[in-house]
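Note sheet for the following structure.
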Amino acid sequence: MTNGEPSAALTWRAMETADLHGVVAVAAEAFPDHFADRACFAERLSLFPEGCRVLANGFGRVHGYVFAYPWRADAALPLNTLIGAIPNDAAVLYLHDLALSRGARGGGHARSATEAVITLAREGGWHAVTLVAVNGAAPFWARQGFKVADPPGMVEKLASYGPDARYMVRRL
């Protein structure tokens, strides 16, 4: 861990508005080619706070985050897009983003965040969790039980994510 912060001191907790500065910093480090504006993160937090968590140390410094919210099945938004509202026809829990700072990687934090999202989905009665894997992360998500899906029109929807983007589904 950087700055003398032991990784054992990191825990997942509910995200707060004050955490957004740290979320943006982790996002810039983790996804330099997949920009998301602070407004997108703030909107997701306001629309579905129960799906928003941060990995933070005891001093409140953010080392990771996860955003998940109800969404339509077989749908993915272009990058850096405001959603306006949770759709009435939401059928899945969409894991929009999971990122860790370099210093927080390798400690099982991504796996525990994924398990928390799966639990949230089950408790909410969602039949599946979906996501878009980028930066070669599809093998990680496959180890978490996600499978690549290719519904009609998905190639066009994923264009802004880059050529390695994969839409993935974990049925519950």
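Residues are referred to by chain and number: the chain letter is A, B, ... according to the order shown in the structure tokens, the number counts from 1 in that chain, and ligands are numbered separately from 1 in the order shown.
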Set the distance at 7 Å and use only C-alpha atoms: which residues neighbour range 84-93 of chain A once local chain neighbours fewer than 6 positions away are removed? I'd like the list as a CSV table (one decimal) with N, CA and C atoms, in the first residue's frame.
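And here's part08.csv as it stands now:
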```
chain,number,residue,atom,x,y,z
A,47,LEU,N,-29.1,8.0,-7.6
A,47,LEU,CA,-30.2,7.2,-8.0
A,47,LEU,C,-30.3,5.8,-7.3
A,68,ALA,N,-23.3,-0.3,-8.9
A,68,ALA,CA,-24.2,-1.2,-9.5
A,68,ALA,C,-25.6,-0.6,-9.3
A,69,TYR,N,-26.5,-0.8,-10.3
A,69,TYR,CA,-27.8,-0.3,-10.3
A,69,TYR,C,-28.7,-1.1,-11.2
A,70,PRO,N,-30.0,-1.1,-10.9
A,70,PRO,CA,-31.0,-1.8,-11.8
A,70,PRO,C,-30.9,-1.2,-13.2
A,71,TRP,N,-31.0,-2.1,-14.2
A,71,TRP,CA,-31.0,-1.7,-15.6
A,71,TRP,C,-31.7,-2.7,-16.5
A,72,ARG,N,-31.8,-2.3,-17.7
A,72,ARG,CA,-32.4,-3.2,-18.7
A,72,ARG,C,-31.5,-4.4,-19.1
A,73,ALA,N,-32.1,-5.5,-19.3
A,73,ALA,CA,-31.3,-6.7,-19.8
A,73,ALA,C,-30.8,-6.4,-21.2
A,121,ALA,N,-28.0,-8.2,-5.6
A,121,ALA,CA,-28.9,-8.7,-6.6
A,121,ALA,C,-29.8,-9.7,-6.1
A,126,TRP,N,-33.2,-9.8,-8.4
A,126,TRP,CA,-32.8,-9.7,-9.8
A,126,TRP,C,-32.4,-11.0,-10.2
A,127,HIS,N,-32.7,-11.4,-11.5
A,127,HIS,CA,-32.3,-12.7,-12.0
A,127,HIS,C,-30.9,-12.8,-12.6
A,128,ALA,N,-30.2,-11.7,-12.7
A,128,ALA,CA,-28.9,-11.7,-13.2
A,128,ALA,C,-28.2,-10.4,-12.9
A,129,VAL,N,-26.8,-10.4,-13.0
A,129,VAL,CA,-26.0,-9.3,-12.9
A,129,VAL,C,-25.3,-9.2,-14.2
A,130,THR,N,-25.2,-8.0,-14.8
A,130,THR,CA,-24.6,-7.8,-16.1
A,130,THR,C,-23.5,-6.8,-16.0
```
Where does DSSP see strand (DSSP E) in chain A, if you list the residues as a PyMOL selection string? chain A and resi 11-14+52-56+62-71+92-100+128-133+147-148+166-171
Using only C-alpha atoms: which of A:Val117, A:Ala104, A:Ala76, A:Leu98 has the shortest distance to Phe140 in chain A: A:Leu98
Out of A:Thr81, A:Asn135, A:Gln144, A:Thr11, which residue has the shortest atom-to-atom distance to Asn57 in chain A when counting only C-alpha atoms? A:Thr11
Show me, as number ranges by chain, the residues that have an atom within 9 Å of range 149-154 of chain A when counting only C-alpha atoms, minus same-chain residues fewer than 2 positions from it. A: 74-76, 147, 156-159, 166-169
According to DSSP computed on the backbone, where in range 11-172 of chain A is there alpha helix (DSSP H)? Give the residues as a short mmCIF file (atom, residue, chain, number, x, y, z; two decimals) with C-alpha atoms, in the first residue's frame.
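Ended up saving to selection-v2.cif:
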```cif
data_model
loop_
_atom_site.label_atom_id
_atom_site.label_comp_id
_atom_site.auth_asym_id
_atom_site.auth_seq_id
_atom_site.Cartn_x
_atom_site.Cartn_y
_atom_site.Cartn_z
CA LEU A 20 -16.55 11.29 -5.17
CA HIS A 21 -13.25 13.16 -5.43
CA GLY A 22 -11.44 9.94 -4.50
CA VAL A 23 -13.64 7.90 -6.85
CA VAL A 24 -12.71 10.17 -9.78
CA ALA A 25 -9.01 9.84 -8.90
CA VAL A 26 -9.18 6.02 -8.79
CA ALA A 27 -11.15 5.97 -12.06
CA ALA A 28 -8.53 8.12 -13.80
CA GLU A 29 -5.80 5.73 -12.65
CA ALA A 30 -7.68 2.51 -13.41
CA ARG A 38 -17.77 13.12 -11.89
CA ALA A 39 -21.38 13.95 -12.80
CA CYS A 40 -21.93 10.35 -13.96
CA PHE A 41 -20.65 8.97 -10.66
CA ALA A 42 -22.70 11.48 -8.65
CA GLU A 43 -25.84 10.61 -10.59
CA ARG A 44 -25.46 6.87 -9.99
CA LEU A 45 -24.88 7.50 -6.28
CA SER A 46 -28.03 9.64 -6.06
CA LEU A 47 -30.17 7.16 -8.03
CA HIS A 109 -10.92 -6.66 -2.77
CA ALA A 110 -12.37 -7.00 -6.29
CA ARG A 111 -13.68 -10.45 -5.49
CA SER A 112 -15.30 -9.28 -2.24
CA ALA A 113 -16.91 -6.31 -4.02
CA THR A 114 -18.27 -8.64 -6.69
CA GLU A 115 -19.69 -10.96 -4.02
CA ALA A 116 -21.39 -7.95 -2.38
CA VAL A 117 -23.00 -6.99 -5.70
CA ILE A 118 -24.19 -10.58 -6.23
CA THR A 119 -25.70 -10.58 -2.73
CA LEU A 120 -27.40 -7.23 -3.41
CA ALA A 121 -28.85 -8.65 -6.64
CA ARG A 122 -30.17 -11.77 -4.95
CA GLU A 123 -31.70 -9.78 -2.09
CA GLY A 124 -33.32 -7.44 -4.64
CA ALA A 138 -13.08 -10.72 -19.24
CA PRO A 139 -11.00 -13.61 -17.77
CA PHE A 140 -11.32 -12.09 -14.26
CA TRP A 141 -15.09 -11.79 -14.67
CA ALA A 142 -15.30 -15.33 -16.04
CA ARG A 143 -13.65 -16.56 -12.83
CA MET A 154 -24.49 -5.23 -28.62
CA VAL A 155 -21.44 -4.73 -30.87
CA GLU A 156 -22.65 -1.22 -31.70
CA LYS A 157 -23.45 -0.48 -28.06
#
```
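Relative to CA of Gly106 in chain A, CA of Gly162 in chain A is found at 24.8 Å.
Using only C-alpha atoms, the nearest neighbour of Val132 in chain A within the list A:Glu50, A:Glu16, A:Asp97, A:Asp33 is A:Asp97.
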Calculate how many Å separate CA of His63 in chain A from CA of Gly108 in chain A, rounding to one decimal.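 Taking CA of His63 in chain A as the start and CA of Gly108 in chain A as the end point, the length is 13.1 Å.
Using only C-alpha atoms, the residues found no farther than 10 Å from Gly58 in chain A, other than those of its own chain fewer than 2 positions away, are Glu5, Ala9, Leu10, Thr11, Ala56, Gly60, Arg61 and Val62 of chain A.
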Same residues, all heavy atoms, output as an mmCIF file, in the first residue's frame:
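The resulting file, selection-v9.cif, is reproduced below:
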```cif
data_model
loop_
_atom_site.group_PDB
_atom_site.id
_atom_site.type_symbol
_atom_site.label_atom_id
_atom_site.label_comp_id
_atom_site.auth_asym_id
_atom_site.auth_seq_id
_atom_site.Cartn_x
_atom_site.Cartn_y
_atom_site.Cartn_z
ATOM 1 N N GLU A 5 0.315 2.829 4.119
ATOM 2 C CA GLU A 5 -1.004 2.359 4.530
ATOM 3 C C GLU A 5 -1.102 0.860 4.288
ATOM 4 O O GLU A 5 -1.037 0.410 3.154
ATOM 5 C CB GLU A 5 -2.095 3.070 3.717
ATOM 6 C CG GLU A 5 -2.111 4.564 3.925
ATOM 7 C CD GLU A 5 -2.968 5.255 2.874
ATOM 8 O OE1 GLU A 5 -3.536 4.578 2.007
ATOM 9 O OE2 GLU A 5 -3.049 6.477 2.929
ATOM 10 N N ALA A 9 -5.906 -2.447 6.325
ATOM 11 C CA ALA A 9 -6.695 -1.340 6.847
ATOM 12 C C ALA A 9 -7.811 -0.930 5.891
ATOM 13 O O ALA A 9 -8.594 -0.057 6.217
ATOM 14 C CB ALA A 9 -5.789 -0.137 7.128
ATOM 15 N N LEU A 10 -7.883 -1.555 4.720
ATOM 16 C CA LEU A 10 -8.900 -1.190 3.735
ATOM 17 C C LEU A 10 -10.166 -2.002 3.942
ATOM 18 O O LEU A 10 -10.116 -3.220 4.087
ATOM 19 C CB LEU A 10 -8.373 -1.415 2.317
ATOM 20 C CG LEU A 10 -7.144 -0.618 1.920
ATOM 21 C CD1 LEU A 10 -6.706 -0.993 0.517
ATOM 22 C CD2 LEU A 10 -7.408 0.879 2.020
ATOM 23 N N THR A 11 -11.300 -1.312 3.936
ATOM 24 C CA THR A 11 -12.593 -1.991 4.055
ATOM 25 C C THR A 11 -13.597 -1.347 3.105
ATOM 26 O O THR A 11 -13.516 -0.155 2.812
ATOM 27 C CB THR A 11 -13.152 -1.920 5.495
ATOM 28 O OG1 THR A 11 -13.268 -0.547 5.888
ATOM 29 C CG2 THR A 11 -12.255 -2.654 6.475
ATOM 30 N N ALA A 56 -12.005 1.987 1.384
ATOM 31 C CA ALA A 56 -11.314 3.119 2.002
ATOM 32 C C ALA A 56 -10.518 2.673 3.210
ATOM 33 O O ALA A 56 -10.803 1.639 3.816
ATOM 34 C CB ALA A 56 -12.326 4.189 2.420
ATOM 35 N N GLY A 60 -10.387 7.560 5.587
ATOM 36 C CA GLY A 60 -11.359 7.931 4.574
ATOM 37 C C GLY A 60 -10.813 8.019 3.162
ATOM 38 O O GLY A 60 -11.552 8.323 2.236
ATOM 39 N N ARG A 61 -9.523 7.755 2.966
ATOM 40 C CA ARG A 61 -8.943 7.818 1.623
ATOM 41 C C ARG A 61 -9.474 6.670 0.774
ATOM 42 O O ARG A 61 -9.406 5.505 1.165
ATOM 43 C CB ARG A 61 -7.430 7.757 1.689
ATOM 44 C CG ARG A 61 -6.792 7.878 0.326
ATOM 45 C CD ARG A 61 -5.297 8.126 0.418
ATOM 46 N NE ARG A 61 -4.743 8.166 -0.931
ATOM 47 C CZ ARG A 61 -3.765 7.390 -1.349
ATOM 48 N NH1 ARG A 61 -3.184 6.552 -0.523
ATOM 49 N NH2 ARG A 61 -3.338 7.479 -2.582
ATOM 50 N N VAL A 62 -10.000 7.000 -0.397
ATOM 51 C CA VAL A 62 -10.605 6.021 -1.303
ATOM 52 C C VAL A 62 -9.523 5.307 -2.106
ATOM 53 O O VAL A 62 -8.673 5.948 -2.723
ATOM 54 C CB VAL A 62 -11.615 6.718 -2.242
ATOM 55 C CG1 VAL A 62 -12.148 5.746 -3.285
ATOM 56 C CG2 VAL A 62 -12.771 7.326 -1.442
#
```
